[in-house]
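Next comes data.tsv, with TSV, C-alpha atoms.
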chain	number	residue	atom	x	y	z
W	1	MET	CA	62.08	107.95	91.07
W	2	ALA	CA	59.21	108.66	88.77
W	3	GLU	CA	59.60	108.81	85.07
W	4	MET	CA	57.56	111.14	82.97
W	5	ILE	CA	57.63	111.65	79.26
W	6	GLU	CA	56.50	115.15	78.70
W	7	THR	CA	55.02	116.48	75.55
W	8	TYR	CA	58.14	118.58	74.99
W	9	LYS	CA	60.60	116.89	72.64
W	10	PRO	CA	64.15	118.14	73.24
W	11	THR	CA	66.56	118.50	70.36
W	12	ASP	CA	69.47	116.10	70.20
W	13	HIS	CA	71.80	118.87	71.39
W	14	GLU	CA	69.56	119.63	74.39
W	15	ALA	CA	69.27	115.95	75.32
W	16	GLU	CA	73.06	115.68	75.24
W	17	ALA	CA	73.53	118.74	77.49
W	18	ALA	CA	70.90	117.47	79.97
W	19	SER	CA	72.52	114.05	80.02
W	20	ASN	CA	75.94	115.65	80.56
W	21	SER	CA	74.70	117.34	83.74
W	22	TYR	CA	74.19	113.87	85.23
W	23	LEU	CA	77.44	112.52	83.78
W	24	MET	CA	79.28	115.48	85.26
W	25	SER	CA	77.74	114.81	88.66
W	26	LEU	CA	78.70	111.14	88.28
W	27	VAL	CA	82.35	112.02	87.67
W	28	VAL	CA	82.54	114.47	90.56
W	29	LEU	CA	80.72	112.01	92.79
W	30	ILE	CA	83.65	109.64	92.32
W	31	MET	CA	86.30	112.37	92.44
W	32	GLY	CA	84.63	114.30	95.21
W	33	MET	CA	84.28	111.44	97.71
W	34	PRO	CA	87.30	112.50	99.76
W	35	LEU	CA	86.49	116.22	99.48
W	36	PRO	CA	82.70	116.55	99.25
W	37	ILE	CA	82.77	120.27	98.44
W	38	VAL	CA	84.13	119.35	94.97
W	39	ASN	CA	80.71	117.83	94.14
W	40	LEU	CA	78.81	121.00	94.85
W	41	LEU	CA	81.35	123.31	93.20
W	42	ALA	CA	81.23	121.27	90.00
W	43	GLY	CA	77.42	121.24	90.12
W	44	ILE	CA	77.28	125.03	90.56
W	45	ILE	CA	79.80	125.65	87.77
W	46	PHE	CA	77.85	123.42	85.38
W	47	PHE	CA	74.57	125.03	86.44
W	48	VAL	CA	75.89	128.57	85.92
W	49	GLY	CA	77.37	127.57	82.56
W	50	ASN	CA	73.99	126.32	81.35
W	51	ARG	CA	71.67	128.90	82.94
W	52	LYS	CA	70.96	130.55	79.57
W	53	ARG	CA	70.09	127.27	77.86
W	54	GLY	CA	66.56	126.00	77.28
W	55	TYR	CA	64.19	124.97	80.05
W	56	TYR	CA	64.83	121.23	79.53
W	57	VAL	CA	68.59	121.60	80.04
W	58	ARG	CA	68.25	124.05	82.96
W	59	TRP	CA	65.71	121.80	84.69
W	60	HIS	CA	68.02	118.77	84.60
W	61	CYS	CA	71.07	120.82	85.63
W	62	THR	CA	69.09	122.05	88.64
W	63	GLN	CA	67.93	118.57	89.60
W	64	ALA	CA	71.51	117.22	89.33
W	65	MET	CA	72.85	120.15	91.41
W	66	LEU	CA	70.23	119.77	94.14
W	67	SER	CA	71.00	116.10	94.54
W	68	GLN	CA	74.67	117.03	94.96
W	69	LEU	CA	73.74	119.58	97.61
W	70	SER	CA	72.11	116.98	99.88
W	71	LEU	CA	75.09	114.67	99.44
W	72	LEU	CA	77.39	117.55	100.34
W	73	PHE	CA	75.93	117.75	103.86
W	74	MET	CA	75.98	113.98	104.39
W	75	ASN	CA	79.47	113.46	102.98
W	76	SER	CA	80.98	116.51	104.70
W	77	THR	CA	79.79	115.25	108.07
W	78	GLY	CA	81.29	111.83	107.32
W	79	PHE	CA	84.52	113.40	106.09
W	80	TRP	CA	85.07	115.61	109.14
W	81	TRP	CA	84.00	112.85	111.51
W	82	THR	CA	86.67	110.61	109.95
W	83	VAL	CA	89.26	113.39	110.17
W	84	SER	CA	88.46	113.90	113.85
W	85	ILE	CA	88.90	110.17	114.49
W	86	ILE	CA	92.29	110.17	112.82
W	87	PHE	CA	93.57	113.40	114.33
W	88	SER	CA	91.88	113.78	117.69
W	89	LYS	CA	90.71	111.75	120.65
W	90	GLU	CA	87.48	110.73	118.87
W	91	GLN	CA	87.04	106.93	118.73
W	92	VAL	CA	85.60	104.60	116.10
W	93	THR	CA	82.14	103.68	117.38
W	94	SER	CA	79.23	101.63	116.03
W	95	ARG	CA	77.40	104.95	115.53
W	96	TYR	CA	80.22	106.18	113.28
W	97	ILE	CA	80.31	102.97	111.24
W	98	ALA	CA	76.49	103.08	110.94
W	99	TYR	CA	76.77	106.67	109.63
W	100	ILE	CA	79.38	105.71	107.05
W	101	ILE	CA	77.22	102.79	105.86
W	102	THR	CA	74.18	105.11	105.69
W	103	ILE	CA	75.97	107.67	103.53
W	104	LEU	CA	77.36	104.87	101.37
W	105	ILE	CA	73.79	103.64	100.78
W	106	PHE	CA	72.63	107.17	99.90
W	107	ASN	CA	75.66	107.77	97.66
W	108	LEU	CA	75.09	104.45	95.91
W	109	SER	CA	71.39	105.22	95.36
W	110	GLU	CA	72.37	108.59	93.92
W	111	PHE	CA	75.02	106.91	91.77
W	112	ILE	CA	72.51	104.46	90.26
W	113	ALA	CA	69.85	107.16	89.80
W	114	THR	CA	72.43	109.39	88.10
W	115	ILE	CA	73.49	106.72	85.60
W	116	TYR	CA	69.83	105.93	84.87
W	117	SER	CA	68.99	109.62	84.38
W	118	ALA	CA	72.01	110.23	82.17
W	119	ILE	CA	70.92	107.42	79.84
W	120	LYS	CA	67.24	108.43	79.78
W	121	THR	CA	67.77	112.16	79.31
W	122	ARG	CA	70.20	111.43	76.48
W	123	LYS	CA	67.28	109.70	74.74
W	124	GLY	CA	65.18	112.80	75.35
W	125	ILE	CA	63.12	111.16	78.11
W	126	HIS	CA	62.30	113.45	80.99
W	127	VAL	CA	63.21	111.88	84.34
W	128	GLU	CA	61.87	113.21	87.62
W	129	TRP	CA	63.49	112.19	90.91
W	130	TRP	CA	61.39	111.82	93.98
W	131	PHE	CA	61.63	115.02	96.14
W	132	TYR	CA	64.31	116.63	93.94
W	133	SER	CA	61.87	117.09	91.06
W	134	SER	CA	59.33	118.86	93.33
W	135	PHE	CA	62.06	121.15	94.60
W	136	THR	CA	63.41	121.71	91.09
W	137	ASN	CA	59.92	122.68	89.88
W	138	LEU	CA	59.80	125.30	92.62
W	139	ILE	CA	63.04	127.03	91.67
W	140	CYS	CA	63.30	126.35	87.93
W	141	LYS	CA	60.67	128.16	85.91
W	142	PRO	CA	60.20	127.97	82.12
B	1	MET	CA	55.45	123.73	98.00
B	2	ILE	CA	53.75	121.54	100.66
B	3	LYS	CA	54.55	118.45	98.59
B	4	ALA	CA	58.26	119.41	98.46
B	5	VAL	CA	58.38	120.10	102.22
B	6	LEU	CA	56.66	116.79	103.01
B	7	GLN	CA	58.98	114.87	100.72
B	8	PHE	CA	61.96	116.62	102.28
B	9	ALA	CA	60.74	115.61	105.75
B	10	VAL	CA	60.36	112.01	104.59
B	11	LEU	CA	63.86	112.07	103.07
B	12	VAL	CA	65.39	113.42	106.29
B	13	ALA	CA	63.45	110.86	108.33
B	14	LEU	CA	64.65	108.12	105.98
B	15	PHE	CA	68.25	109.20	106.42
B	16	PHE	CA	68.16	109.43	110.20
B	17	GLY	CA	66.00	106.29	110.43
B	18	THR	CA	68.56	104.30	108.43
B	19	TRP	CA	71.39	105.68	110.56
B	20	PHE	CA	69.52	104.96	113.78
B	21	ALA	CA	68.61	101.41	112.72
B	22	LEU	CA	72.16	100.64	111.56
B	23	GLY	CA	73.49	102.19	114.77
B	24	LYS	CA	71.73	99.44	116.73
B	25	VAL	CA	74.15	96.91	115.24
B	26	ASN	CA	77.36	96.33	117.18
B	27	TRP	CA	79.72	97.03	114.27
B	28	ILE	CA	82.73	97.27	116.59
B	29	SER	CA	82.28	93.61	117.49
B	30	ILE	CA	81.42	92.56	113.90
B	31	PHE	CA	84.55	94.16	112.48
B	32	GLN	CA	86.57	93.02	115.52
B	33	ILE	CA	87.93	96.57	115.82
B	34	LYS	CA	88.81	96.24	119.51
B	35	GLU	CA	90.52	92.89	119.06
B	36	ASN	CA	92.54	94.18	116.10
B	37	THR	CA	93.54	97.36	117.94
B	38	VAL	CA	94.58	95.42	121.03
B	39	SER	CA	96.59	92.96	118.96
B	40	LEU	CA	98.32	95.79	117.05
B	41	GLU	CA	99.09	97.63	120.29
B	42	LYS	CA	100.46	94.45	121.85
B	43	LYS	CA	102.82	93.80	118.95
B	44	LEU	CA	103.92	97.43	118.83
B	45	GLY	CA	104.39	97.46	122.60
B	46	GLU	CA	106.72	94.46	122.42
B	47	LEU	CA	108.79	95.93	119.58
B	48	ILE	CA	109.04	99.42	121.08
B	49	TRP	CA	109.80	98.12	124.54
B	50	LYS	CA	112.55	95.85	123.16
B	51	SER	CA	114.05	98.77	121.27
B	52	TYR	CA	113.73	101.29	124.11
B	53	SER	CA	114.96	99.10	126.96
B	54	GLN	CA	118.22	98.24	125.17
B	55	GLY	CA	121.07	99.84	127.03
B	56	GLU	CA	118.85	101.23	129.78
B	57	LYS	CA	119.38	100.24	133.39
B	58	GLU	CA	116.24	99.01	135.11
B	59	GLU	CA	115.87	99.35	138.87
B	60	HIS	CA	114.87	96.03	140.49
B	61	ASN	CA	115.61	97.03	144.09
B	62	PRO	CA	112.36	96.25	146.01
B	63	ALA	CA	112.90	99.30	148.21
B	64	VAL	CA	112.44	101.44	145.08
B	65	TYR	CA	110.19	99.33	142.86
B	66	CYS	CA	107.64	98.16	145.45
B	67	PRO	CA	106.56	101.58	146.81
B	68	ILE	CA	106.06	102.88	143.25
B	69	GLN	CA	104.10	99.74	142.46
B	70	GLN	CA	101.99	100.36	145.59
B	71	VAL	CA	101.10	103.83	144.29
B	72	VAL	CA	100.09	102.33	140.93
B	73	ARG	CA	98.05	99.61	142.63
B	74	ARG	CA	96.20	102.05	144.90
B	75	ILE	CA	95.14	104.17	141.90
B	76	CYS	CA	94.11	101.00	140.02
B	77	ARG	CA	92.19	99.51	142.96
B	78	ASP	CA	90.08	102.60	143.60
B	79	ASN	CA	89.44	103.38	139.95
B	80	GLY	CA	88.48	99.94	138.64
B	81	ILE	CA	91.63	99.54	136.56
B	82	ASP	CA	93.14	96.08	136.21
B	83	SER	CA	96.60	96.49	137.78
B	84	ASP	CA	97.82	93.17	136.35
B	85	LYS	CA	97.78	94.55	132.82
B	86	ILE	CA	100.21	97.35	133.73
B	87	GLN	CA	103.87	96.65	133.06
B	88	LEU	CA	105.66	99.02	135.42
B	89	HIS	CA	109.35	99.73	134.86
B	90	VAL	CA	111.64	101.88	136.98
B	91	PHE	CA	114.75	103.13	135.18
B	92	ILE	CA	117.86	104.47	136.90
B	93	LYS	CA	118.04	107.88	135.28
B	94	ASP	CA	118.55	111.38	136.62
B	95	GLU	CA	115.96	112.95	134.33
B	96	ILE	CA	112.65	113.89	135.90
B	97	ASN	CA	110.47	111.87	133.60
B	98	ALA	CA	107.75	109.26	133.29
B	99	PHE	CA	105.96	108.04	130.18
B	100	THR	CA	103.66	105.43	128.74
B	101	LEU	CA	104.49	103.02	125.92
B	102	PRO	CA	101.99	100.95	123.92
B	103	ASP	CA	100.63	97.78	125.55
B	104	ASN	CA	100.38	99.32	129.03
B	105	HIS	CA	104.07	99.86	129.75
B	106	ILE	CA	104.56	102.65	132.28
B	107	VAL	CA	108.12	103.85	132.73
B	108	VAL	CA	109.18	105.90	135.74
B	109	PHE	CA	112.67	107.38	136.07
B	110	THR	CA	114.33	107.45	139.49
B	111	GLY	CA	114.90	111.17	138.84
B	112	LEU	CA	111.16	111.71	139.13
B	113	VAL	CA	111.04	110.00	142.52
B	114	ALA	CA	114.02	112.05	143.68
B	115	ALA	CA	112.29	115.27	142.62
B	116	SER	CA	109.02	114.38	144.38
B	117	ASN	CA	108.61	115.72	147.90
B	118	ASN	CA	105.82	113.33	148.82
B	119	GLU	CA	103.83	110.38	147.50
B	120	ALA	CA	100.97	112.60	146.29
B	121	GLU	CA	103.29	114.42	143.87
B	122	LEU	CA	104.52	111.10	142.52
B	123	ALA	CA	100.94	109.76	142.37
B	124	GLY	CA	99.87	112.81	140.34
B	125	VAL	CA	102.44	112.12	137.62
B	126	ILE	CA	101.80	108.36	137.67
B	127	GLY	CA	98.03	109.01	137.50
B	128	HIS	CA	98.64	111.30	134.52
B	129	GLU	CA	100.54	108.54	132.70
B	130	MET	CA	97.89	105.98	133.62
B	131	ALA	CA	95.28	108.31	132.14
B	132	HIS	CA	97.23	108.39	128.85
B	133	MET	CA	97.20	104.60	128.97
B	134	GLU	CA	93.51	104.23	129.85
B	135	LYS	CA	92.35	106.84	127.34
B	136	ASN	CA	94.34	105.19	124.55
B	137	HIS	CA	96.34	108.39	123.96
B	138	VAL	CA	99.53	106.44	123.16
B	139	MET	CA	98.12	104.71	120.10
B	140	LYS	CA	96.29	107.87	119.05
B	141	LYS	CA	99.56	109.80	119.13
B	142	MET	CA	101.38	107.16	117.12
B	143	ILE	CA	98.63	106.87	114.50
B	144	LYS	CA	98.59	110.64	114.17
B	145	GLU	CA	102.39	110.96	113.92
B	146	VAL	CA	103.23	108.11	111.57
B	147	GLY	CA	99.90	106.76	110.29
B	148	LEU	CA	98.15	103.46	110.82
B	149	SER	CA	99.60	101.84	107.69
B	150	VAL	CA	103.18	102.42	108.92
B	151	LEU	CA	102.34	100.97	112.35
B	152	ILE	CA	100.82	97.87	110.74
B	153	SER	CA	103.83	97.42	108.44
B	154	ILE	CA	106.16	97.71	111.45
B	155	THR	CA	104.35	94.88	113.24
B	156	ALA	CA	104.72	92.85	110.05
B	157	GLY	CA	108.49	93.01	110.56
B	158	LYS	CA	109.40	95.98	108.37
B	159	GLY	CA	111.28	99.03	109.59
B	160	GLY	CA	113.94	98.51	112.27
B	161	GLU	CA	114.94	102.18	112.19
B	162	THR	CA	111.30	103.28	112.39
B	163	ILE	CA	110.88	101.29	115.62
B	164	LYS	CA	113.78	103.24	117.14
B	165	GLN	CA	112.20	106.51	116.09
B	166	LEU	CA	108.84	105.37	117.45
B	167	ALA	CA	110.45	104.41	120.76
B	168	LYS	CA	112.06	107.85	120.92
B	169	MET	CA	108.78	109.53	120.07
B	170	ALA	CA	106.80	107.49	122.62
B	171	SER	CA	109.30	108.22	125.37
B	172	SER	CA	109.35	111.96	124.65
B	173	SER	CA	106.00	112.02	126.45
B	174	ALA	CA	104.68	114.95	124.41
B	175	TYR	CA	100.99	114.79	123.52
B	176	ASP	CA	98.50	117.29	122.13
B	177	ARG	CA	97.40	120.00	124.51
B	178	ASP	CA	93.85	118.58	124.69
B	179	LEU	CA	95.13	115.10	125.49
B	180	GLU	CA	97.47	116.48	128.17
B	181	LYS	CA	94.64	118.37	129.80
B	182	GLU	CA	92.41	115.30	129.68
B	183	ALA	CA	95.20	113.25	131.29
B	184	ASP	CA	95.68	115.89	134.02
B	185	ILE	CA	91.97	116.04	134.82
B	186	THR	CA	91.65	112.25	134.76
B	187	SER	CA	94.64	112.01	137.07
B	188	ILE	CA	92.86	114.31	139.55
B	189	ASP	CA	89.77	112.08	139.37
B	190	TYR	CA	91.95	109.02	139.98
B	191	MET	CA	93.62	110.71	142.95
B	192	LEU	CA	90.35	111.84	144.51
B	193	LYS	CA	88.86	108.35	144.22
B	194	ALA	CA	92.04	106.88	145.69
B	195	ASN	CA	91.96	109.34	148.62
B	196	ILE	CA	95.11	111.15	147.52
B	197	ASN	CA	95.27	114.93	147.86
B	198	PRO	CA	95.67	116.41	144.33
B	199	ALA	CA	97.03	119.80	145.52
B	200	PRO	CA	100.66	118.56	145.80
B	201	PHE	CA	100.51	117.57	142.10
B	202	ALA	CA	99.87	121.23	141.25
B	203	ASP	CA	102.69	122.28	143.61
B	204	PHE	CA	104.99	119.83	141.85
B	205	LEU	CA	104.24	121.43	138.48
B	206	TYR	CA	104.85	124.94	139.86
B	207	ARG	CA	108.13	123.88	141.42
B	208	LEU	CA	109.42	122.07	138.35
B	209	ALA	CA	108.44	124.95	136.10
B	210	SER	CA	110.88	127.15	138.01
B	211	ASP	CA	113.53	124.39	138.09
B	212	GLU	CA	113.27	124.03	134.33
B	213	ALA	CA	114.94	127.40	133.87
B	214	LYS	CA	117.93	126.14	135.84
B	215	LEU	CA	118.22	122.59	134.52
B	216	PRO	CA	116.13	122.26	131.34
B	217	SER	CA	117.62	118.92	130.24
B	218	GLN	CA	116.73	117.29	133.54
B	219	VAL	CA	113.09	118.33	133.58
B	220	GLU	CA	111.97	116.35	130.53
B	221	TRP	CA	108.43	115.71	131.78
B	222	ILE	CA	107.80	119.43	132.17
B	223	SER	CA	109.53	120.69	129.03
B	224	THR	CA	107.50	118.35	126.77
B	225	HIS	CA	104.19	119.32	128.32
B	226	PRO	CA	102.05	122.47	127.98
B	227	ASP	CA	102.64	125.49	130.20
B	228	SER	CA	103.09	124.06	133.70
B	229	LYS	CA	101.74	127.05	135.60
B	230	GLU	CA	98.58	127.02	133.51
B	231	ARG	CA	98.26	123.29	134.20
B	232	ALA	CA	98.74	123.79	137.93
B	233	ASN	CA	96.00	126.44	137.86
B	234	TYR	CA	93.41	124.32	136.12
B	235	ILE	CA	94.31	121.34	138.32
B	236	LEU	CA	93.65	123.42	141.44
B	237	GLU	CA	90.50	124.88	139.90
B	238	TYR	CA	89.17	121.44	138.97
B	239	ALA	CA	90.00	119.94	142.35
B	240	LYS	CA	88.43	122.84	144.26
B	241	GLY	CA	85.77	121.57	146.64
B	242	LYS	CA	86.32	117.95	145.56
B	243	THR	CA	88.98	116.94	148.05
B	244	SER	CA	88.52	113.59	149.76
B	245	THR	CA	90.04	112.57	153.08
B	246	PRO	CA	93.64	111.65	152.23
B	247	LYS	CA	94.70	108.13	153.15
B	248	PRO	CA	98.47	107.56	152.95
B	249	ILE	CA	99.67	104.88	150.54
B	250	LEU	CA	103.14	104.53	152.00
B	251	SER	CA	104.26	104.86	155.57
B	252	THR	CA	106.70	107.67	156.37
B	253	ALA	CA	109.42	105.05	156.82
B	254	GLN	CA	108.68	103.50	153.40
B	255	TRP	CA	108.80	106.91	151.72
B	256	ASP	CA	112.07	107.77	153.46
B	257	ILE	CA	113.62	104.44	152.43
B	258	LEU	CA	112.44	105.01	148.84
B	259	LYS	CA	114.02	108.47	148.74
B	260	THR	CA	117.26	107.23	150.32
B	261	SER	CA	117.47	104.26	147.94
B	262	VAL	CA	116.88	106.48	144.94
B	263	SER	CA	119.60	108.88	146.11
B	264	LYS	CA	122.00	105.96	146.40
B	265	THR	CA	121.28	104.42	143.01
B	266	GLY	CA	121.20	107.74	141.19
B	267	LYS	CA	123.47	110.70	141.67
B	268	HIS	CA	120.97	112.88	143.49
In structure tokens, write the structure found in this file.
Amino acid sequence: MAEMIETYKPTDHEAEAASNSYLMSLVVLIMGMPLPIVNLLAGIIFFVGNRKRGYYVRWHCTQAMLSQLSLLFMNSTGFWWTVSIIFSKEQVTSRYIAYIITILIFNLSEFIATIYSAIKTRKGIHVEWWFYSSFTNLICKP
Amino acid sequence: MIKAVLQFAVLVALFFGTWFALGKVNWISIFQIKENTVSLEKKLGELIWKSYSQGEKEEHNPAVYCPIQQVVRRICRDNGIDSDKIQLHVFIKDEINAFTLPDNHIVVFTGLVAASNNEAELAGVIGHEMAHMEKNHVMKKMIKEVGLSVLISITAGKGGETIKQLAKMASSSAYDRDLEKEADITSIDYMLKANINPAPFADFLYRLASDEAKLPSQVEWISTHPDSKERANYILEYAKGKTSTPKPILSTAQWDILKTSVSKTGKH
């Protein structure tokens, strides 16, 4: 994760809104674990709610939503794999356990990055995540 | 754009690389999943068997028990299954039924033997039950029906009434359609490897499907399973062109004695 302090100085209100986008994703990350779609839905709702705000807020909402999107695919696969083990003839294998550990690592990384970003953006510091920031720059224009 | 695509590729590679590397570890052995499952199944098997066998009359007559055991052993021998782990029980009951209980208990009712016209029909049903046992369908069914936490609490000594219900559920011999089909197909594979003609198993299903209309309470094994005619069809379809040279398990005299003994002990 690269950190970049841009020349733009957000207002206190903007910094709070940008920080909230990460806090929101943090809350739904915890809530949404059993039902991964909750993460994305919350991200989309927050994004749509803030689409008319300033560039700084929109940019961070987009970055938070994109990170949720990648987790959605990982967590959904894990969720349905677990369901199929419980309800069908699918067995617990080392491959399954390895997958669960992998998504736990990715979720944990996201969790830490989200807390870090929430704190930094609240202080008005622009935080760019590796990959997600490049993708956010492509779809979020000033 | 190129930067984003490259980073995305690296992220995907990182994810699959982590999964692949972690997949090389034998987590099943680390978490002792097999040992724990076997121990849970063993405890459950003991409790359910104790509950189920109360008040039931077991057939110990060698003329009945031994030929059925021979059928089980032939299937085991030719399919690499350890026959010593199987706890075979023959119950004196008119119902046409056979089922599997946890911890490798296979129960066969004398009614099933009486309804079988030959050893291949009997072997088909026994092979089907052995498939449920080998494919771990019994535990899967129980976990699905009551949940793993309930099963663990039962083995910890809680829930006398639940054990009775579990015993009833296990002996009802009803599984999911997919599991039943898998057991049927596996049974055919067992029979072919053991040089038993699978066609009579399909005939048996056809015949019992028509008998069910007359005596539904007696044809438990059929009424709890998916459509018998459909099963008979896919059994024949699967076995088509795969037949091996049949080698009898029992002599004609042994089969006749078995049938006569069953008629005497039961009311057939």
Considering all atoms listed in the file, state which residue in the set W:Ala42, W:Ile86, W:Met24, W:Ala18 is at the smallest distance from chain B.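 Distance minimum relative to chain B lands on W:Ile86.
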Within 12 Å of chain W, which residues of chain B show up? Give each one with its shortest atom-to-atom distance in Å (one decimal) and the two atoms involved, counting all atoms listed in the file, rows by chain then rising residue number, as JSON lines.
{"residue": "B:Met1", "atom": "CA", "partner": "W:Leu138", "partner_atom": "CA", "distance": 7.1}
{"residue": "B:Ile2", "atom": "CA", "partner": "W:Ser134", "partner_atom": "CA", "distance": 9.6}
{"residue": "B:Lys3", "atom": "CA", "partner": "W:Ser134", "partner_atom": "CA", "distance": 7.1}
{"residue": "B:Ala4", "atom": "CA", "partner": "W:Ser134", "partner_atom": "CA", "distance": 5.3}
{"residue": "B:Val5", "atom": "CA", "partner": "W:Phe135", "partner_atom": "CA", "distance": 8.5}
{"residue": "B:Leu6", "atom": "CA", "partner": "W:Phe131", "partner_atom": "CA", "distance": 8.7}
{"residue": "B:Gln7", "atom": "CA", "partner": "W:Phe131", "partner_atom": "CA", "distance": 5.3}
{"residue": "B:Phe8", "atom": "CA", "partner": "W:Phe131", "partner_atom": "CA", "distance": 6.4}
{"residue": "B:Ala9", "atom": "CA", "partner": "W:Phe131", "partner_atom": "CA", "distance": 9.7}
{"residue": "B:Val10", "atom": "CA", "partner": "W:Phe131", "partner_atom": "CA", "distance": 9.1}
{"residue": "B:Leu11", "atom": "CA", "partner": "W:Phe131", "partner_atom": "CA", "distance": 7.9}
{"residue": "B:Val12", "atom": "CA", "partner": "W:Ser70", "partner_atom": "CA", "distance": 9.9}
{"residue": "B:Leu14", "atom": "CA", "partner": "W:Thr102", "partner_atom": "CA", "distance": 10.0}
{"residue": "B:Phe15", "atom": "CA", "partner": "W:Thr102", "partner_atom": "CA", "distance": 7.2}
{"residue": "B:Phe16", "atom": "CA", "partner": "W:Thr102", "partner_atom": "CA", "distance": 8.7}
{"residue": "B:Gly17", "atom": "CA", "partner": "W:Thr102", "partner_atom": "CA", "distance": 9.5}
{"residue": "B:Thr18", "atom": "CA", "partner": "W:Thr102", "partner_atom": "CA", "distance": 6.3}
{"residue": "B:Trp19", "atom": "CA", "partner": "W:Tyr99", "partner_atom": "CA", "distance": 5.5}
{"residue": "B:Phe20", "atom": "CA", "partner": "W:Ala98", "partner_atom": "CA", "distance": 7.8}
{"residue": "B:Ala21", "atom": "CA", "partner": "W:Ala98", "partner_atom": "CA", "distance": 8.2}
{"residue": "B:Leu22", "atom": "CA", "partner": "W:Ala98", "partner_atom": "CA", "distance": 5.0}
{"residue": "B:Gly23", "atom": "CA", "partner": "W:Arg95", "partner_atom": "CA", "distance": 4.8}
{"residue": "B:Lys24", "atom": "CA", "partner": "W:Ser94", "partner_atom": "CA", "distance": 7.8}
{"residue": "B:Val25", "atom": "CA", "partner": "W:Ser94", "partner_atom": "CA", "distance": 7.0}
{"residue": "B:Asn26", "atom": "CA", "partner": "W:Ser94", "partner_atom": "CA", "distance": 5.7}
{"residue": "B:Trp27", "atom": "CA", "partner": "W:Ser94", "partner_atom": "CA", "distance": 4.9}
{"residue": "B:Ile28", "atom": "CA", "partner": "W:Ser94", "partner_atom": "CA", "distance": 5.6}
{"residue": "B:Ser29", "atom": "CA", "partner": "W:Ser94", "partner_atom": "CA", "distance": 8.7}
{"residue": "B:Ile30", "atom": "CA", "partner": "W:Ser94", "partner_atom": "CA", "distance": 9.6}
{"residue": "B:Phe31", "atom": "CA", "partner": "W:Ser94", "partner_atom": "CA", "distance": 9.8}
{"residue": "B:Gln32", "atom": "CA", "partner": "W:Ser94", "partner_atom": "CA", "distance": 11.3}
{"residue": "B:Ile33", "atom": "CA", "partner": "W:Val92", "partner_atom": "CA", "distance": 8.4}
{"residue": "B:Lys34", "atom": "CA", "partner": "W:Val92", "partner_atom": "CA", "distance": 9.6}
{"residue": "B:Thr37", "atom": "CA", "partner": "W:Val92", "partner_atom": "CA", "distance": 10.9}
{"residue": "B:His132", "atom": "CA", "partner": "W:Lys89", "partner_atom": "CA", "distance": 11.0}
{"residue": "B:Lys135", "atom": "CA", "partner": "W:Lys89", "partner_atom": "CA", "distance": 8.5}
{"residue": "B:Asn136", "atom": "CA", "partner": "W:Lys89", "partner_atom": "CA", "distance": 8.5}
{"residue": "B:His137", "atom": "CA", "partner": "W:Lys89", "partner_atom": "CA", "distance": 7.3}
{"residue": "B:Val138", "atom": "CA", "partner": "W:Lys89", "partner_atom": "CA", "distance": 10.6}
{"residue": "B:Met139", "atom": "CA", "partner": "W:Lys89", "partner_atom": "CA", "distance": 10.2}
{"residue": "B:Lys140", "atom": "CA", "partner": "W:Lys89", "partner_atom": "CA", "distance": 7.0}
{"residue": "B:Lys141", "atom": "CA", "partner": "W:Phe87", "partner_atom": "CA", "distance": 8.5}
{"residue": "B:Met142", "atom": "CA", "partner": "W:Phe87", "partner_atom": "CA", "distance": 10.4}
{"residue": "B:Ile143", "atom": "CA", "partner": "W:Ile86", "partner_atom": "CA", "distance": 7.3}
{"residue": "B:Lys144", "atom": "CA", "partner": "W:Phe87", "partner_atom": "CA", "distance": 5.7}
{"residue": "B:Glu145", "atom": "CA", "partner": "W:Phe87", "partner_atom": "CA", "distance": 9.2}
{"residue": "B:Val146", "atom": "CA", "partner": "W:Ile86", "partner_atom": "CA", "distance": 11.2}
{"residue": "B:Gly147", "atom": "CA", "partner": "W:Ile86", "partner_atom": "CA", "distance": 8.7}
{"residue": "B:Leu148", "atom": "CA", "partner": "W:Ile86", "partner_atom": "CA", "distance": 9.1}
{"residue": "B:Tyr175", "atom": "CA", "partner": "W:Ser88", "partner_atom": "CA", "distance": 10.9}
{"residue": "B:Asp176", "atom": "CA", "partner": "W:Ser88", "partner_atom": "CA", "distance": 8.7}
{"residue": "B:Arg177", "atom": "CA", "partner": "W:Ser88", "partner_atom": "CA", "distance": 10.8}
{"residue": "B:Asp178", "atom": "CA", "partner": "W:Lys89", "partner_atom": "CA", "distance": 8.5}
{"residue": "B:Leu179", "atom": "CA", "partner": "W:Lys89", "partner_atom": "CA", "distance": 7.4}
{"residue": "B:Glu180", "atom": "CA", "partner": "W:Lys89", "partner_atom": "CA", "distance": 11.2}
{"residue": "B:Lys181", "atom": "CA", "partner": "W:Lys89", "partner_atom": "CA", "distance": 12.0}
{"residue": "B:Glu182", "atom": "CA", "partner": "W:Lys89", "partner_atom": "CA", "distance": 9.9}
{"residue": "B:Ala183", "atom": "CA", "partner": "W:Lys89", "partner_atom": "CA", "distance": 11.6}
Excluding Ser244 in chain B and residues on its chain fewer than 2 positions from it, collect all residues at most 10 Å away from it, counting all atoms listed in the file, and give them as a list in words. Met191, Leu192, Lys193, Ala194, Asn195, Ile196, Asn197, Pro198, Ala239, Gly241, Lys242, Pro246 and Lys247 of chain B
Output C-alpha atoms of each residue in that selection to a file, as a compact mmCIF listing (two decimals), keeping the file's coordinate frame.
# COMPACT_ATOMS: atom_id res chain seq x y z
CA MET B 191 93.62 110.71 142.95
CA LEU B 192 90.35 111.84 144.51
CA LYS B 193 88.86 108.35 144.22
CA ALA B 194 92.04 106.88 145.69
CA ASN B 195 91.96 109.34 148.62
CA ILE B 196 95.11 111.15 147.52
CA ASN B 197 95.27 114.93 147.86
CA PRO B 198 95.67 116.41 144.33
CA ALA B 239 90.00 119.94 142.35
CA GLY B 241 85.77 121.57 146.64
CA LYS B 242 86.32 117.95 145.56
CA PRO B 246 93.64 111.65 152.23
CA LYS B 247 94.70 108.13 153.15
